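**Student:** One structure follows; several queries about it will come next.
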Amino acid sequence: MLNSKDKESLIKLGILIGSFILIFSILLIMTIFSRSSWEKGLRTSVLEVLESYSPNTYISADFVKINSNLSVSAAVYELKKTVSTSEKDFAVIIRIPTIVGPEPAVFICNSKTVNFVGYAINNGKAKNILSENNSFNNISYWVKNIYNILEKAGINYDK
């Protein structure tokens, strides 16, 4: 038999554990329901950057799932061109470290090349600091690793 003090402690512990379970459940549900809006927002950002890079070339982007921890800071999109070609282009948006903090960089790639397109953010005063020339080493590092990211998304190029 439990005395009244032990019962009171168990009730308080149960309330605490129940609160943790409730908060965790709410966070999990919010994450699951916000995933599609996250994908759509990134798609819009990628298409805006691609439009400024190469106007009227790409009309849509389809999300490709990455099966690794990179999916937290990167997304891959298969691009549809206005002119149909046999070559598939992919856009990768990834958060990379820069001198002004982490920024979303967009790369476009196919079986032959990987090109840095630009940053998917209006940088304001930091625009000159984030130019491709000022962050050449950082961008060249990511250009070399884009095919690894594509491989984790199930897209294999022989490189």
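Scheme for the structure tokens: letters A, B, ... for chains in order shown; per-chain residue numbers from 1; ligand numbers from 1 in order shown.
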Check segment 6-124 of chain A with DSSP on the backbone and list each residue it calls helix (DSSP H, G or I), as a PyMOL selection string.
**Tutor:** chain A and resi 6-53+69-72+124
**Student:** Could you go through segment 41-78 of chain A and tell me which residues DSSP, when run on the backbone, assigns to strand (DSSP E or B), listing them as a PyMOL selection string?
**Tutor:** chain A and resi 58-64+74-78
**Student:** Take the residues from that selection and put them in a file with C-alpha atoms, as a compact mmCIF listing (two decimals), in the first residue's frame.
**Tutor:**
# COMPACT_ATOMS: atom_id res chain seq x y z
CA TYR A 58 13.03 26.42 -66.07
CA ILE A 59 9.29 26.13 -65.51
CA SER A 60 9.00 23.83 -62.51
CA ALA A 61 10.88 21.79 -59.96
CA ASP A 62 9.88 18.46 -58.42
CA PHE A 63 11.13 17.62 -54.93
CA VAL A 64 13.49 14.64 -54.63
CA ALA A 74 19.69 20.56 -48.15
CA ALA A 75 16.98 19.85 -50.70
CA VAL A 76 17.14 18.48 -54.24
CA TYR A 77 14.73 19.38 -57.04
CA GLU A 78 14.45 17.85 -60.51
**Student:** Kindly indicate which residue among A:Leu16, A:Ile139, A:Val46, A:Ile23 lies nearest to Pro97 of chain A, using only C-alpha atoms for the distances.
**Tutor:** A:Ile139
**Student:** Near segment 102-119 of chain A, within 6 Å and counting only C-alpha atoms, which residues show up once chain neighbours fewer than 2 positions away are dropped, as a ChimeraX atom specification?
**Tutor:** /A:89-98,121,157
**Student:** What does the distance from atom CA of Ser52 of chain A to atom CA of Lys144 of chain A come to in Å, to one decimal?
**Tutor:** 23.5 Å
**Student:** Atom CA of Leu79 of chain A and atom CA of Gly154 of chain A are how many Å apart?
**Tutor:** 15.4 Å
